[in-house]
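**Student:** Handing you this structure, nothing more for now.
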Amino acid sequence: MKEREKKFTHLTVCASVGAMLMGSLGAVAAETTPDRTTLPIPEPDYPHSTVRDARDATAPPRFEVKAPEGAPNVLIVLIDDMGFGMSSAFGGPIAMKTAERLAKQGLRYNQFHTTALSSPTRTALLSGRNHHMNNMGAITEAATAFPGNTGQRPDNVAPLAEMLRLNGYSTSFFGKNHETAAWEVSPSGPTNRWPTRSGFDKFYGFIGGETDQWAPTLYDGLTPIGTPHYPGYHFMTDMTNQAISWMKFQKALTPDRPFFMYFAPGATHAPHQVPKEWIAKYKGRFDQGWDKMREETLARQIALGVVPAGTRLAPKPEGIKDWDKLTADEKKLFARQMEVFAGFGEYCDYEIGRLFDAIGETGQLDNTLIFYIIGDNGTSAEGGMLGMFNEATYFNGVAETVPEMLKHYDEWGGPNTYAHMAAGWAIAGDTPFMWTKQVPSNYGGTRNPLIVSWPGHISATSEVRSQWHHVIDIAPTVLEAARLPEPRSVNGTVQEPIEGKSMLYTFGNARAESTHKTQYFEIMGNRGIYSDGWFAGTIHRAPWEQLPRRKLQDDIWELYDTRKDFSLVNDLAAANPAKLKEMQDLFIKEAIKNRVLPIDDRLLERINAATAGRPDLMGDRTSLTLSQGMGGMSENVFINIKNRSLSITADVEIPQGGANGVILAQAGRFGGWSLYLKDGKPTYCYNFLGLQEYKVSAPQPVAAGKATIRMNFDYDGGGIGKGGTATILINGEKVASGRIEHTQAMIFSADETADVGIDTATPVTTDYKEGDNAFTGKIVKVVVDVKPIGAAVKAEADKGKAEAAHKKAMSD
């Protein structure tokens with residue numbers, strides 16, 4: 001008995017000591033500031049309790065990561081392919097009242113810079129490191145084996161979204177991604193560079209560089225979702241609705257938790273597609289042409305104070321015609337193209353305004369730090385000298401003519417066009433500068449409007465800030481505003497230092513000296529260097545040129561004193577060769593530091609995955625077996641059927657009464673092919689660039705029961721993009737044959753996919769309806785077999801693919 005009492009007394013003492021110990025540990029934990037330089041923040045390591053009964057113990061505080069008290073909501077808006085001289089908020093002709101309203105309550109930055117190309121800008125923006133440090137020297141479709149260009153963000157470059165999520169933020173992303181390696185966009189993954197594995201709790205949008213705005217290829221997180229097919233649908237409104245819904249839901253459930261939202265529309269990247277009422281607003285507004293638009297824009301820019309008085313208009317590049325030298329038909333077509341682009345821009349800005357208003361309705365606007373970046377690069381000149389009704393023609397080397405395009409005048413911008421505009425408008429849209437997107441060697445490619453608003457913290461309103469900054473400066477600005485340190489380690493990986501400089505110092509001081517002193521630029525051989533007011537650059541290849549102008553070592557450099565020469569019109573290279581040499585040496589130093597070298601201006605080698613050194617899911621495979629339900633396969637992960645003979649063999653089961661619908665289709669309205677049943681009859685349609693549908697159809701329906709339907713295509717050979725003969729067989733018996741006079745040599749679609757049992761997004765053929773074409777029987781399997789491409793054809797195809805890939809890379 002005494003022994004039991006002794007043990008009981010011992011347990012009681014232990015319980016008391018344990019309770020006191022746990023209580024004091026809890027107090028210490030509650031008072032300790034977490035170490036946010038290592039993410040995720042480690043949980044406290046409490047000793048194991050020795051107390052038997054929970055009633056006798058005190059629990060330590062629950063571990064929960066919270067953002068610093070008062071940390072702001074953060075919203076980054078990034079418009080696509082809109083240059084310095086487009087928005088009315090910076091003197092341009094496109095009425096963007098949301099941007100104007102934000103500028104009146106905040107700050108306009110007139111010396112803010114991007115990388116001159118989409119994917120590089122996006123990775124730099126979301127990481128605070130230069131694009132080559134993100135391995136995004138170009139786009140993933142042109143990735144190589146060289147560090148700096150692999151197309152895969154390394155683990156030691158954690159995205160801003162991941163830093164904020166691990167510090168207690170809710171995070172979301174709506175719109176365009178194009179930061180995920182093209183060969184990783186499939187169910188096979190890996191998915192660690194998809195948005196929801198890159199710090200975002202929520203993603204709704206498209207993965208690649210562009211999409212059809214009327215019929216987009218969409219993902220919700222990692223899951224492909226069916227293309228919405230209802231009257232009046234447009235992705236710009238859809239993504240805004242999704243963003244508003246998420247934000248309101250997040251604030252309803254966790255009002256004290258700040259959010260980080262990245263809102264990146266596909267607008268105003270091609271295809272230029274917008275509801276007709278927005279186009280109508282600009283009827284006749286551009287009949288005066290791009291030369292007059294440049295002059296009027298510069299005058300407004302000077303009046304607004306976003307361009308210094310006395311700034312001269314830079315000359316147009318060679319190849320851009322004077323407006324008054326154009327024919328009447330050219331003027332009519334080109335003016336319509338700009339009307340559509342302007343309507344697209346205003347519509348996009350209107351939807352962004354709905355998002356701003358929704359934030360205001362929640363009472364969160366005063367503590368929401370907004371960055372409205374008008375363009376991820378200069379305006380796109382990839383439309384060439386004439387523009388195009390279907391962008392796929394450009395990628396496939398098929399020239400559209402003005403008379404042909406005028407046939408689509410009334411429907412330009414609608415669901416039946418996949419349009420782009422003439423390069424003259426891109427030059428005008430980058431006023432007062434000379435160049436455009438793709439050209440980091442000139443501010444026309446890199447200088448983009450930035451508007452910053454934080455009503456509860458920025459007292460200055462409607463002011464201009466002229467400090468020199470770059471897209472890598474956004475991430476450190478957000479961290480400083482949230483009072484968060486730069487993390488040294490994220491998810492177990494020691495981090496590359498953030499290279500950007502916080503812009504927070506500019507919020508309250510218009511005269512503060514710029515802290516971003518040096519910045520390199522490089523895209524596919526075009527390169528430049530900024531240093532403390534000086535800028536040097538070289539045009540290695542113009543956006544509309546297929547080949548470099550000269551060898552890298554022979555490039556001609558220009559030199560400008562940007563403190564006196566806002567629009568870069570006074571080249572000082574000949575007058576100050578010593579300064580030019582200093583800047584060129586500095587470029588090499590920065591290039592080595594940031595993994596820019598070796599500079600890679602190759603085309604043929606970069607499009608061939610094997611010679612470029614990047615993964616290729618299909619490789620040299622000549623056969624692919626598919627099952628019902630497999631879909632969403634982009635051209636980067638689907639077997640290549642172009643410029644070769646092939647067969648498609650489908651084992652199906654036909655119910656009593658027959659079947660209809662798609663067995664296998666690739667791409668859609670603007671070019672592609674489909675094997676399907678119409679009225680029960682096997683049919684093969686090859687849609688050549690939306691210009692011609694070639695069809696071969698069986699005369700009789702397939703009988704009920706098991707059946708094997710086969711389509712053989714015998715390619716003519718003799719080059720790329722040639723025709724051939726399509727033959728349909730049912731259970732081994734030939735039932736139909738016909739000619740397909742032309743095929744697409746390079747690409748079917750930048751965004752549409754291959755799908756089994758359905759044709760998603762836009763339909764390949766008018767034989768079935770959009771959104772209502774699923775196969776009504778059972779598909780057991782579909783086998784696609786291709787024959788090797790002949791050596792001569794392969795060489796020509798590789799050359800053509802390289803040219804198409806360059807066009808695609810630069811357009812993204």
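Order determines the names: the first chain of the structure tokens is A, the second B, and so forth; residues in each chain are numbered 1 upward, and ligands are numbered 1 upward as they are shown.
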Sorted by chain and rising residue number, which residues of stretch 324-379 of chain A lie within 12 Å of stretch 471-493 of chain A, and what are their closest atom pairs and distances in Å to one decimal, counting only C-alpha atoms, as JSON lines?
**Tutor:**
{"residue": "A:Asn367", "atom": "CA", "partner": "A:Ala481", "partner_atom": "CA", "distance": 10.6}
{"residue": "A:Thr368", "atom": "CA", "partner": "A:Ala481", "partner_atom": "CA", "distance": 10.6}
{"residue": "A:Leu369", "atom": "CA", "partner": "A:Val478", "partner_atom": "CA", "distance": 8.2}
{"residue": "A:Ile370", "atom": "CA", "partner": "A:Val478", "partner_atom": "CA", "distance": 10.0}
{"residue": "A:Phe371", "atom": "CA", "partner": "A:Ile474", "partner_atom": "CA", "distance": 8.3}
{"residue": "A:Tyr372", "atom": "CA", "partner": "A:Ile474", "partner_atom": "CA", "distance": 11.1}
{"residue": "A:Ile373", "atom": "CA", "partner": "A:Val471", "partner_atom": "CA", "distance": 9.3}
{"residue": "A:Ile374", "atom": "CA", "partner": "A:Val471", "partner_atom": "CA", "distance": 11.8}
{"residue": "A:Gly375", "atom": "CA", "partner": "A:Val471", "partner_atom": "CA", "distance": 11.0}
{"residue": "A:Asp376", "atom": "CA", "partner": "A:Val471", "partner_atom": "CA", "distance": 9.0}
{"residue": "A:Asn377", "atom": "CA", "partner": "A:Val471", "partner_atom": "CA", "distance": 10.5}
**Student:** Which residues, written as a ChimeraX atom specification, have at least one atom at most 12 Å from A:Ala426, with only C-alpha atoms counted and residues fewer than 5 positions away on the same chain left out?
**Tutor:** /A:81-86,268-269,290-291,293-294,316-317,320,334,337-338,341-342,377-387,420-421,431-438,444-445,543-544
**Student:** Based on DSSP run over this structure's backbone, return all residues of stretch 170-270 of chain A in strand (DSSP E or B), as a PyMOL selection string.
**Tutor:** chain A and resi 170-176+202-206+218-220+223-225+259-264
**Student:** Could you name the residues that touch stretch 662-667 of chain A at 6 Å or less, counting only C-alpha atoms, but leaving out those on the same chain fewer than 5 positions away, as number ranges by chain?
**Tutor:** A: 672-676, 749, 752-759, 774-775
**Student:** Between A:Asn687, A:Asn509, A:Ser737, A:Ser627, which residue has the minimum interatomic distance to A:Lys781, considering only C-alpha atoms?
**Tutor:**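 Closest to A:Lys781 of all the choices is A:Ser627.
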**Student:** Find the residues near A:Arg165: any atom within 12 Å, counting only C-alpha atoms, skip ones fewer than 6 places away on the same chain, and give them as a VMD selection string.
**Tutor:** chain A and resid 36 39 to 41 65 to 67 158 to 159 171 to 172 196 to 202 257 to 261 484 490
**Student:** Write out the residues from the selection above, keeping C-alpha atoms, as a JSON list (two decimals), in the first residue's frame.
**Tutor:**
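What landed in result_1.json:
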[["chain", "number", "residue", "atom", "x", "y", "z"],
["A", 36, "ARG", "CA", 10.72, 33.27, -41.67],
["A", 39, "LEU", "CA", 10.35, 28.05, -45.28],
["A", 40, "PRO", "CA", 8.21, 26.32, -44.36],
["A", 41, "ILE", "CA", 8.53, 27.78, -40.87],
["A", 65, "VAL", "CA", 1.54, 30.17, -39.65],
["A", 66, "LYS", "CA", 0.08, 33.64, -39.99],
["A", 67, "ALA", "CA", 1.14, 36.56, -42.12],
["A", 158, "ALA", "CA", 11.27, 29.61, -55.40],
["A", 159, "PRO", "CA", 8.33, 31.62, -56.75],
["A", 171, "THR", "CA", -2.81, 32.40, -53.15],
["A", 172, "SER", "CA", -4.52, 32.28, -56.53],
["A", 196, "THR", "CA", -0.70, 24.70, -58.06],
["A", 197, "ARG", "CA", 2.67, 23.12, -57.35],
["A", 198, "SER", "CA", 4.39, 26.52, -57.63],
["A", 199, "GLY", "CA", 2.80, 28.24, -54.66],
["A", 200, "PHE", "CA", -0.75, 28.82, -55.87],
["A", 201, "ASP", "CA", -3.64, 27.30, -53.91],
["A", 202, "LYS", "CA", -5.94, 27.97, -56.87],
["A", 257, "ARG", "CA", -5.91, 36.24, -43.92],
["A", 258, "PRO", "CA", -4.35, 38.27, -46.75],
["A", 259, "PHE", "CA", -4.56, 37.03, -50.31],
["A", 260, "PHE", "CA", -2.11, 37.10, -53.18],
["A", 261, "MET", "CA", -3.75, 37.05, -56.61],
["A", 484, "LEU", "CA", 8.64, 39.49, -44.79],
["A", 490, "VAL", "CA", 12.57, 27.05, -49.27]]
**Student:** Rounded to one decimal, what separation in Å do you get between atom CA of A:Asn149 and atom CA of A:Glu590?
**Tutor:**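 Separating atom CA of A:Asn149 from atom CA of A:Glu590 is a distance of 15.9 Å.
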**Student:** Please tabulate, as a Markdown table, the residues of stretch 670-765 of chain A that come within 10 Å of stretch 389-395 of chain A, each with its closest pair of atoms and the distance in Å to one decimal, counting only C-alpha atoms and ordering rows by chain, then residue number upward.
**Tutor:**
| residue | atom | partner | partner_atom | distance |
| --- | --- | --- | --- | --- |
| A:Phe670 | CA | A:Asn390 | CA | 6.7 |
| A:Gly671 | CA | A:Ala392 | CA | 7.5 |
| A:Phe688 | CA | A:Thr393 | CA | 9.5 |
| A:Leu689 | CA | A:Thr393 | CA | 6.4 |
| A:Gly690 | CA | A:Asn390 | CA | 7.8 |
| A:Leu691 | CA | A:Asn390 | CA | 9.4 |
| A:Gln744 | CA | A:Thr393 | CA | 8.9 |
| A:Ala745 | CA | A:Phe395 | CA | 9.1 |
| A:Met746 | CA | A:Phe395 | CA | 6.8 |
| A:Ile747 | CA | A:Phe395 | CA | 6.7 |
| A:Phe748 | CA | A:Ala392 | CA | 7.0 |
| A:Ser749 | CA | A:Ala392 | CA | 6.7 |
| A:Ala750 | CA | A:Ala392 | CA | 8.0 |
**Student:** Show which residues sit within 6 Å of stretch 547-561 of chain A, as a list in words. Count only C-alpha atoms, and ignore same-chain residues fewer than 6 positions away.
**Tutor:** Trp534, Phe535, Ala536, Gly537, Thr538, His540, Arg541, Asp571, Leu572 and Ala573 of chain A
**Student:** Give me, as a tab-separated table (two decimals) with N, CA and C atoms, in the first residue's frame, all polymer residues having an atom no more than 8 Å from A:Val439, counting only C-alpha atoms and skipping those fewer than 5 positions away in the same chain.
**Tutor:**
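Okay, selection_36.tsv is ready:
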chain	number	residue	atom	x	y	z
A	116	ALA	N	10.99	41.65	-72.74
A	116	ALA	CA	10.66	41.71	-74.18
A	116	ALA	C	10.00	40.45	-74.69
A	444	GLY	N	11.35	49.91	-76.91
A	444	GLY	CA	10.08	49.52	-77.50
A	444	GLY	C	9.70	48.10	-77.18
A	445	GLY	N	10.69	47.25	-76.93
A	445	GLY	CA	10.42	45.87	-76.57
A	445	GLY	C	10.26	45.64	-75.09
A	446	THR	N	10.82	46.57	-74.26
A	446	THR	CA	10.90	46.29	-72.82
A	446	THR	C	10.21	47.30	-71.92
A	523	ILE	N	17.28	38.08	-75.59
A	523	ILE	CA	16.28	37.15	-76.10
A	523	ILE	C	16.74	36.68	-77.48
A	526	ASN	N	19.14	38.89	-79.57
A	526	ASN	CA	18.94	40.33	-79.36
A	526	ASN	C	19.33	40.65	-77.92
A	527	ARG	N	20.13	41.67	-77.69
A	527	ARG	CA	20.63	41.89	-76.35
A	527	ARG	C	20.89	43.36	-76.07
A	539	ILE	N	20.55	44.98	-82.40
A	539	ILE	CA	19.45	44.27	-83.07
A	539	ILE	C	20.07	43.12	-83.86
A	542	ALA	N	15.30	41.13	-86.43
A	542	ALA	CA	14.03	41.81	-86.27
A	542	ALA	C	12.91	40.77	-86.13
A	543	PRO	N	11.79	41.14	-85.54
A	543	PRO	CA	10.71	40.17	-85.31
A	543	PRO	C	10.21	39.50	-86.58
**Student:** Write out as a list of chain:residue names the residues lying within 7 Å of stretch 411-413 of chain A, counting only C-alpha atoms and excluding same-chain residues fewer than 5 positions away.
**Tutor:** A:His272, A:Gln273, A:Val274, A:Val340, A:Ala419
**Student:** Could the residues in this selection be saved with N, CA, C and O atoms as a tab-separated table (two decimals), in the first residue's frame?
**Tutor:**
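Result file part_13.tsv:
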chain	number	residue	atom	x	y	z
A	272	HIS	N	-6.74	37.88	-81.59
A	272	HIS	CA	-7.49	39.07	-81.18
A	272	HIS	C	-8.97	38.78	-81.37
A	272	HIS	O	-9.49	38.81	-82.48
A	273	GLN	N	-9.64	38.48	-80.27
A	273	GLN	CA	-11.04	38.05	-80.30
A	273	GLN	C	-11.81	38.78	-79.21
A	273	GLN	O	-11.42	38.74	-78.04
A	274	VAL	N	-12.89	39.44	-79.58
A	274	VAL	CA	-13.61	40.28	-78.63
A	274	VAL	C	-15.05	40.44	-79.09
A	274	VAL	O	-15.32	40.45	-80.29
A	340	VAL	N	-10.25	46.11	-83.83
A	340	VAL	CA	-10.45	44.89	-83.04
A	340	VAL	C	-9.48	44.85	-81.86
A	340	VAL	O	-9.87	44.54	-80.73
A	419	ALA	N	-7.22	35.95	-85.29
A	419	ALA	CA	-6.59	37.05	-86.00
A	419	ALA	C	-5.37	37.67	-85.31
A	419	ALA	O	-5.23	37.60	-84.09
**Student:** Rounded to one decimal in Å, what is the spacing between atom CA of A:Pro216 and atom CA of A:Met630?
**Tutor:** 18.0 Å
**Student:** Please identify the helix (DSSP H, G or I) residues within stretch 75-273 of chain A (assignment by DSSP from backbone atoms) and present them as a VMD selection string.
**Tutor:** chain A and resid 88 to 90 97 to 104 118 to 125 131 to 134 140 to 142 160 to 165 182 to 184 195 to 197 235 to 253
**Student:** How many Å separate atom CA of A:Asn731 from atom CA of A:Ala707?
**Tutor:** 6.0 Å
**Student:** Which of these residues is nearest to A:Gly151, using only C-alpha atoms: A:Leu586, A:Val306, A:His178, A:Gly128?
**Tutor:**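 Closest to A:Gly151 of all the choices is A:His178.
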**Student:** Which residue out of A:Gly500, A:Pro415, A:Gly106, A:Gly613 has the minimum interatomic distance to A:Glu463 when only C-alpha atoms are used?
**Tutor:** A:Gly106
